[in-house]
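Listing of data-v9.pdb, PDB, C-alpha atoms
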```pdb
ATOM      1  CA  ALA A 602     -10.677 -10.165  12.420  1.00  0.00           C
ATOM      2  CA  GLY A 603      -7.276 -11.575  11.731  1.00  0.00           C
ATOM      3  CA  PHE A 604      -5.594 -13.930   9.341  1.00  0.00           C
ATOM      4  CA  ARG A 605      -8.048 -15.843   7.180  1.00  0.00           C
ATOM      5  CA  THR A 606      -7.961 -19.201   5.441  1.00  0.00           C
ATOM      6  CA  ASN A 607      -9.899 -20.714   2.584  1.00  0.00           C
ATOM      7  CA  ALA A 608     -11.980 -23.900   2.810  1.00  0.00           C
ATOM      8  CA  ALA A 609      -8.822 -25.996   2.331  1.00  0.00           C
ATOM      9  CA  GLY A 610      -7.179 -24.294   5.332  1.00  0.00           C
ATOM     10  CA  GLU A 611      -4.706 -22.323   3.215  1.00  0.00           C
ATOM     11  CA  LEU A 612      -3.818 -18.783   4.205  1.00  0.00           C
ATOM     12  CA  LEU A 613      -5.628 -16.204   2.088  1.00  0.00           C
ATOM     13  CA  LEU A 614      -3.126 -13.869   0.479  1.00  0.00           C
ATOM     14  CA  ASP A 615      -4.392 -10.377  -0.257  1.00  0.00           C
ATOM     15  CA  GLU A 616      -4.041  -6.778   0.844  1.00  0.00           C
ATOM     16  CA  LYS A 617      -5.823  -7.513   4.149  1.00  0.00           C
ATOM     17  CA  THR A 618      -3.281 -10.199   4.949  1.00  0.00           C
ATOM     18  CA  ARG A 619      -0.451  -7.738   4.281  1.00  0.00           C
ATOM     19  CA  LEU A 620      -2.119  -5.142   6.497  1.00  0.00           C
ATOM     20  CA  HIS A 621      -2.431  -7.704   9.294  1.00  0.00           C
ATOM     21  CA  ILE A 622       1.261  -8.531   8.907  1.00  0.00           C
ATOM     22  CA  GLU A 623       2.177  -4.834   8.978  1.00  0.00           C
ATOM     23  CA  ALA A 624       0.088  -4.299  12.117  1.00  0.00           C
ATOM     24  CA  LEU A 625       1.583  -7.349  13.782  1.00  0.00           C
ATOM     25  CA  VAL A 626       5.138  -6.180  13.096  1.00  0.00           C
ATOM     26  CA  ALA A 627       4.428  -2.558  14.041  1.00  0.00           C
ATOM     27  CA  GLY A 628       2.655  -3.532  17.253  1.00  0.00           C
ATOM     28  CA  SER A 629       5.221  -6.018  18.493  1.00  0.00           C
ATOM     29  CA  ASP A 630       8.567  -5.615  20.167  1.00  0.00           C
ATOM     30  CA  PRO A 631      11.096  -7.217  17.787  1.00  0.00           C
ATOM     31  CA  ASN A 632      12.257  -9.507  20.621  1.00  0.00           C
ATOM     32  CA  ASP A 633       8.689 -10.724  21.153  1.00  0.00           C
ATOM     33  CA  LEU A 634       7.668 -10.993  17.487  1.00  0.00           C
ATOM     34  CA  ASN A 635       7.752 -14.795  17.364  1.00  0.00           C
ATOM     35  CA  ALA A 636       5.520 -15.018  20.438  1.00  0.00           C
ATOM     36  CA  ALA A 637       3.140 -12.473  18.889  1.00  0.00           C
ATOM     37  CA  ILE A 638       3.005 -14.529  15.687  1.00  0.00           C
ATOM     38  CA  ARG A 639       2.183 -17.686  17.628  1.00  0.00           C
ATOM     39  CA  GLU A 640      -0.530 -15.870  19.561  1.00  0.00           C
ATOM     40  CA  ARG A 641      -2.131 -14.416  16.414  1.00  0.00           C
ATOM     41  CA  THR A 642      -1.984 -17.730  14.514  1.00  0.00           C
ATOM     42  CA  GLN A 643      -2.912 -20.216  17.231  1.00  0.00           C
ATOM     43  CA  ASP A 644      -6.350 -20.843  15.719  1.00  0.00           C
ATOM     44  CA  LEU A 645      -5.023 -21.386  12.191  1.00  0.00           C
ATOM     45  CA  PRO A 646      -4.165 -24.744  10.652  1.00  0.00           C
ATOM     46  CA  PRO A 647      -0.429 -25.472  11.107  1.00  0.00           C
ATOM     47  CA  ALA A 648       0.459 -24.904   7.435  1.00  0.00           C
ATOM     48  CA  ALA A 649      -1.304 -21.520   7.430  1.00  0.00           C
ATOM     49  CA  ALA A 650       0.367 -20.521  10.706  1.00  0.00           C
ATOM     50  CA  ASN A 651       3.756 -21.460   9.246  1.00  0.00           C
ATOM     51  CA  ARG A 652       2.965 -19.408   6.144  1.00  0.00           C
ATOM     52  CA  VAL A 653       2.173 -16.372   8.312  1.00  0.00           C
ATOM     53  CA  GLU A 654       5.471 -16.773  10.155  1.00  0.00           C
ATOM     54  CA  ASP A 655       7.358 -17.029   6.860  1.00  0.00           C
ATOM     55  CA  LEU A 656       5.617 -13.956   5.446  1.00  0.00           C
ATOM     56  CA  VAL A 657       6.222 -11.938   8.619  1.00  0.00           C
ATOM     57  CA  ASN A 658       9.929 -12.750   8.449  1.00  0.00           C
ATOM     58  CA  LYS A 659      10.010 -11.778   4.771  1.00  0.00           C
ATOM     59  CA  PHE A 660       8.167  -8.567   5.610  1.00  0.00           C
ATOM     60  CA  VAL A 661      10.709  -7.641   8.289  1.00  0.00           C
ATOM     61  CA  GLN A 662      13.531  -8.220   5.803  1.00  0.00           C
ATOM     62  CA  TYR A 663      11.664  -6.248   3.146  1.00  0.00           C
ATOM     63  CA  GLN A 664      11.169  -3.316   5.540  1.00  0.00           C
ATOM     64  CA  GLN A 665      14.877  -3.245   6.338  1.00  0.00           C
ATOM     65  CA  ALA A 666      15.784  -3.280   2.643  1.00  0.00           C
ATOM     66  CA  GLN A 667      13.193  -0.593   1.929  1.00  0.00           C
ATOM     67  CA  ARG A 668      14.574   1.713   4.633  1.00  0.00           C
ATOM     68  CA  GLN A 669      18.131   1.204   3.370  1.00  0.00           C
ATOM     69  CA  THR A 670      17.239   1.737  -0.276  1.00  0.00           C
ATOM     70  CA  TYR A 671      14.659   4.496   0.230  1.00  0.00           C
ATOM     71  CA  PRO A 672      15.324   6.282   3.526  1.00  0.00           C
ATOM     72  CA  PRO A 673      12.104   7.758   4.969  1.00  0.00           C
ATOM     73  CA  ASP A 674      13.578  11.277   5.104  1.00  0.00           C
ATOM     74  CA  ASP A 675      14.645  11.177   1.435  1.00  0.00           C
ATOM     75  CA  ALA A 676      11.393  11.760  -0.470  1.00  0.00           C
ATOM     76  CA  PRO A 677      11.348  11.862  -4.267  1.00  0.00           C
ATOM     77  CA  ILE A 678      11.677  15.375  -5.667  1.00  0.00           C
ATOM     78  CA  THR A 679       9.974  15.005  -9.042  1.00  0.00           C
ATOM     79  CA  GLU A 680       7.167  12.853 -10.360  1.00  0.00           C
ATOM     80  CA  ASP A 681       9.726  10.912 -12.411  1.00  0.00           C
ATOM     81  CA  ASP A 682      11.697  10.271  -9.207  1.00  0.00           C
ATOM     82  CA  ALA A 683       8.486   9.023  -7.578  1.00  0.00           C
ATOM     83  CA  VAL A 684       7.840   6.659 -10.498  1.00  0.00           C
ATOM     84  CA  ARG A 685      11.415   5.311 -10.275  1.00  0.00           C
ATOM     85  CA  GLU A 686      11.022   4.811  -6.523  1.00  0.00           C
ATOM     86  CA  LEU A 687       7.705   3.025  -7.001  1.00  0.00           C
ATOM     87  CA  GLU A 688       9.302   0.755  -9.616  1.00  0.00           C
ATOM     88  CA  GLY A 689      12.180   0.098  -7.223  1.00  0.00           C
ATOM     89  CA  LEU A 690       9.779  -0.717  -4.397  1.00  0.00           C
ATOM     90  CA  HIS A 691       7.920  -3.095  -6.701  1.00  0.00           C
ATOM     91  CA  ALA A 692      11.193  -4.864  -7.532  1.00  0.00           C
ATOM     92  CA  LEU A 693      12.066  -5.095  -3.815  1.00  0.00           C
ATOM     93  CA  ARG A 694       8.643  -6.534  -3.072  1.00  0.00           C
ATOM     94  CA  GLU A 695       9.008  -9.142  -5.794  1.00  0.00           C
ATOM     95  CA  ALA A 696      12.498 -10.017  -4.563  1.00  0.00           C
ATOM     96  CA  HIS A 697      11.272 -10.548  -0.984  1.00  0.00           C
ATOM     97  CA  PHE A 698       7.819 -12.056  -1.523  1.00  0.00           C
ATOM     98  CA  GLY A 699       7.933 -13.397  -5.078  1.00  0.00           C
ATOM     99  CA  PRO A 700       5.973 -11.895  -7.979  1.00  0.00           C
ATOM    100  CA  GLU A 701       2.594 -13.451  -7.141  1.00  0.00           C
ATOM    101  CA  VAL A 702       2.517 -12.557  -3.435  1.00  0.00           C
ATOM    102  CA  ALA A 703       3.882  -9.071  -4.195  1.00  0.00           C
ATOM    103  CA  ARG A 704       1.023  -8.581  -6.651  1.00  0.00           C
ATOM    104  CA  LEU A 705      -1.592  -9.843  -4.197  1.00  0.00           C
ATOM    105  CA  PHE A 706      -0.198  -7.719  -1.350  1.00  0.00           C
ATOM    106  CA  TYR A 707       0.580  -4.467  -3.167  1.00  0.00           C
ATOM    107  CA  GLU A 708      -1.288  -4.255  -6.484  1.00  0.00           C
ATOM    108  CA  LYS A 709      -3.975  -1.823  -5.292  1.00  0.00           C
ATOM    109  CA  GLU A 710      -1.495   0.370  -3.396  1.00  0.00           C
ATOM    110  CA  GLU A 711       0.866   0.585  -6.360  1.00  0.00           C
ATOM    111  CA  ALA A 712      -1.958   1.394  -8.776  1.00  0.00           C
ATOM    112  CA  LEU A 713      -3.191   4.184  -6.504  1.00  0.00           C
ATOM    113  CA  SER A 714       0.343   5.541  -6.143  1.00  0.00           C
ATOM    114  CA  ARG A 715       0.694   5.682  -9.923  1.00  0.00           C
ATOM    115  CA  GLU A 716      -2.625   7.523 -10.166  1.00  0.00           C
ATOM    116  CA  MET A 717      -1.576  10.048  -7.528  1.00  0.00           C
ATOM    117  CA  ILE A 718       1.696  10.666  -9.353  1.00  0.00           C
ATOM    118  CA  GLU A 719      -0.242  11.447 -12.536  1.00  0.00           C
ATOM    119  CA  VAL A 720      -2.432  13.943 -10.661  1.00  0.00           C
ATOM    120  CA  LEU A 721       0.700  15.586  -9.230  1.00  0.00           C
ATOM    121  CA  ARG A 722       2.239  15.706 -12.705  1.00  0.00           C
ATOM    122  CA  VAL A 723      -0.694  17.849 -13.869  1.00  0.00           C
ATOM    123  CA  GLU A 724      -0.728  20.033 -10.747  1.00  0.00           C
ATOM    124  CA  ASN A 725       3.025  20.704 -11.025  1.00  0.00           C
ATOM    125  CA  ASP A 726       3.116  21.325 -14.793  1.00  0.00           C
ATOM    126  CA  PRO A 727       4.461  24.884 -15.202  1.00  0.00           C
ATOM    127  CA  SER A 728       3.233  25.091 -18.805  1.00  0.00           C
ATOM    128  CA  LEU A 729      -0.405  24.982 -17.709  1.00  0.00           C
ATOM    129  CA  THR A 730      -2.505  27.867 -16.461  1.00  0.00           C
ATOM    130  CA  ALA A 731      -4.394  27.466 -13.206  1.00  0.00           C
ATOM    131  CA  GLN A 732      -7.643  26.903 -15.137  1.00  0.00           C
ATOM    132  CA  GLU A 733      -5.999  24.305 -17.405  1.00  0.00           C
ATOM    133  CA  LYS A 734      -4.670  22.485 -14.350  1.00  0.00           C
ATOM    134  CA  VAL A 735      -8.145  22.381 -12.818  1.00  0.00           C
ATOM    135  CA  GLU A 736      -9.705  21.103 -16.040  1.00  0.00           C
ATOM    136  CA  ARG A 737      -7.015  18.482 -16.695  1.00  0.00           C
ATOM    137  CA  ALA A 738      -6.985  17.332 -13.085  1.00  0.00           C
ATOM    138  CA  ARG A 739     -10.776  16.967 -13.164  1.00  0.00           C
ATOM    139  CA  ALA A 740     -10.646  14.960 -16.394  1.00  0.00           C
ATOM    140  CA  LEU A 741      -7.778  12.855 -15.104  1.00  0.00           C
ATOM    141  CA  ARG A 742      -9.518  12.138 -11.811  1.00  0.00           C
ATOM    142  CA  GLU A 743     -12.530  10.777 -13.708  1.00  0.00           C
ATOM    143  CA  GLN A 744     -10.197   8.299 -15.456  1.00  0.00           C
ATOM    144  CA  LEU A 745      -8.452   7.174 -12.274  1.00  0.00           C
ATOM    145  CA  PRO A 746     -10.656   4.815 -10.233  1.00  0.00           C
ATOM    146  CA  GLY A 747      -8.490   4.831  -7.094  1.00  0.00           C
ATOM    147  CA  VAL A 748      -8.310   8.616  -6.864  1.00  0.00           C
ATOM    148  CA  ALA A 749     -12.023   8.905  -7.632  1.00  0.00           C
ATOM    149  CA  ALA A 750     -12.824   6.418  -4.844  1.00  0.00           C
ATOM    150  CA  ILE A 751     -10.724   8.358  -2.320  1.00  0.00           C
ATOM    151  CA  GLU A 752     -12.331  11.658  -3.267  1.00  0.00           C
ATOM    152  CA  ARG A 753     -15.811  10.110  -3.072  1.00  0.00           C
ATOM    153  CA  SER A 754     -14.985   8.678   0.360  1.00  0.00           C
ATOM    154  CA  ASN A 755     -13.621  12.043   1.535  1.00  0.00           C
ATOM    155  CA  ARG A 756     -16.773  13.845   0.354  1.00  0.00           C
ATOM    156  CA  GLU A 757     -19.003  11.309   2.111  1.00  0.00           C
ATOM    157  CA  ALA A 758     -16.994  11.593   5.326  1.00  0.00           C
ATOM    158  CA  ALA A 759     -17.146  15.389   5.169  1.00  0.00           C
ATOM    159  CA  MET A 760     -20.908  15.267   4.697  1.00  0.00           C
ATOM    160  CA  GLN A 761     -21.317  12.910   7.655  1.00  0.00           C
ATOM    161  CA  ASN A 762     -19.129  15.088   9.883  1.00  0.00           C
ATOM    162  CA  SER A 763     -20.700  18.412   8.944  1.00  0.00           C
ATOM    163  CA  PRO A 764     -23.289  19.846  11.295  1.00  0.00           C
ATOM    164  CA  PRO A 765     -26.909  19.570  10.120  1.00  0.00           C
ATOM    165  CA  ASN A 766     -28.492  22.663   8.587  1.00  0.00           C
ATOM    166  CA  ASN A 767     -31.213  24.153  10.758  1.00  0.00           C
TER
END
```
When written as structure tokens, how does the structure in this file appear?
Amino acid sequence: AGFRTNAAGELLLDEKTRLHIEALVAGSDPNDLNAAIRERTQDLPPAAANRVEDLVNKFVQYQQAQRQTYPPDDAPITEDDAVRELEGLHALREAHFGPEVARLFYEKEEALSREMIEVLRVENDPSLTAQEKVERARALREQLPGVAAIERSNREAAMQNSPPNN
């Protein structure tokens, strides 16, 4: 699996495409990135291959801006800080990729991040008792499809990895 095109030979733009770009950049020496792009796009129509190259270059620039603006060792302290950082990342993504590509690449990730922040908000609320936190978190998780999907996946994985009962 790699970069995909539609019937017209246009590059499909979605989260999978972004993940392929991320993997390509992460797995390539910066000096050899152009050669890696050519290798990974050799079977694509020329316009789609050019689009991949353009998006990879934009991604590299976006990563640099992200690291400068939000250093990896400088995590948000509060949930409000996390929301501001997420909004800032969204703005950076739109600035580098344009609003439509940013949406196609990051919509699911950003939605899940917002859901996780809301769960943390409940868990860190000092005005709630432990029981209230459990009840509110449970109710909130039922309303948040991304969090619910992760928890369901984690439960299924745990069940598959647990030893059978004899």
Take the point (7.4, 5.6, -5.8) as written in the file and pick out every residue within 12 Å of it, counting only C-alpha atoms; give the list as a ChimeraX atom specification.
/A:667,670-671,673,675-693,710-719
Could you tell me, as a list in words, exactly which residues end up selected when the PyMOL selection byres ((chain A and resi 729-746) around 10) is applied to this structure?
Ala712, Leu713, Arg715, Glu716, Met717, Glu719, Val720, Leu721, Arg722, Val723, Glu724, Asn725, Asp726, Pro727, Ser728, Gly747, Val748, Ala749, Ala750, Ile751 and Glu752 of chain A
List the residues matched by the PyMOL selection byres ((chain A and resi 637) around 12) in the displayed structure as a PyMOL selection string, ordered by chain and then by residue number.
chain A and resi 622+624-636+638-643+650+653-654+657
Just the number, please: distance in Å from atom CA of Gln662 of chain A to atom CA of Gly610 of chain A, one decimal.
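For atom CA of Gln662 of chain A relative to atom CA of Gly610 of chain A, the distance reads 26.2 Å.
Neighbouring residues of Arg619 of chain A at 10 Å or closer, counting only C-alpha atoms and skipping chain neighbours under 6 positions away, are A:Phe604, A:Leu625, A:Val653, A:Leu656, A:Val657, A:Phe660, A:Val702, A:Ala703, A:Leu705, A:Phe706, A:Tyr707.
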Please evaluate the PyMOL selection byres ((chain A and resi 649) around 8) against the displayed coordinates and give the resulting residues as a PyMOL selection string.
chain A and resi 606+610-612+645-648+650-653
Go ahead and compute the interatomic distance for atom CA of Glu616 of chain A and atom CA of Ala696 of chain A, in Å to one decimal.
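Separation between atom CA of Glu616 of chain A and atom CA of Ala696 of chain A: 17.7 Å.
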One number please: atom CA of Glu708 of chain A to atom CA of Arg694 of chain A, in Å, one decimal.
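Calculated distance between atom CA of Glu708 of chain A and atom CA of Arg694 of chain A is 10.7 Å.
Nearest to Lys709 of chain A of all the residues A:Val661, A:Asp655, A:Asp615, A:Glu757 is A:Asp615, based on all atoms listed in the file.
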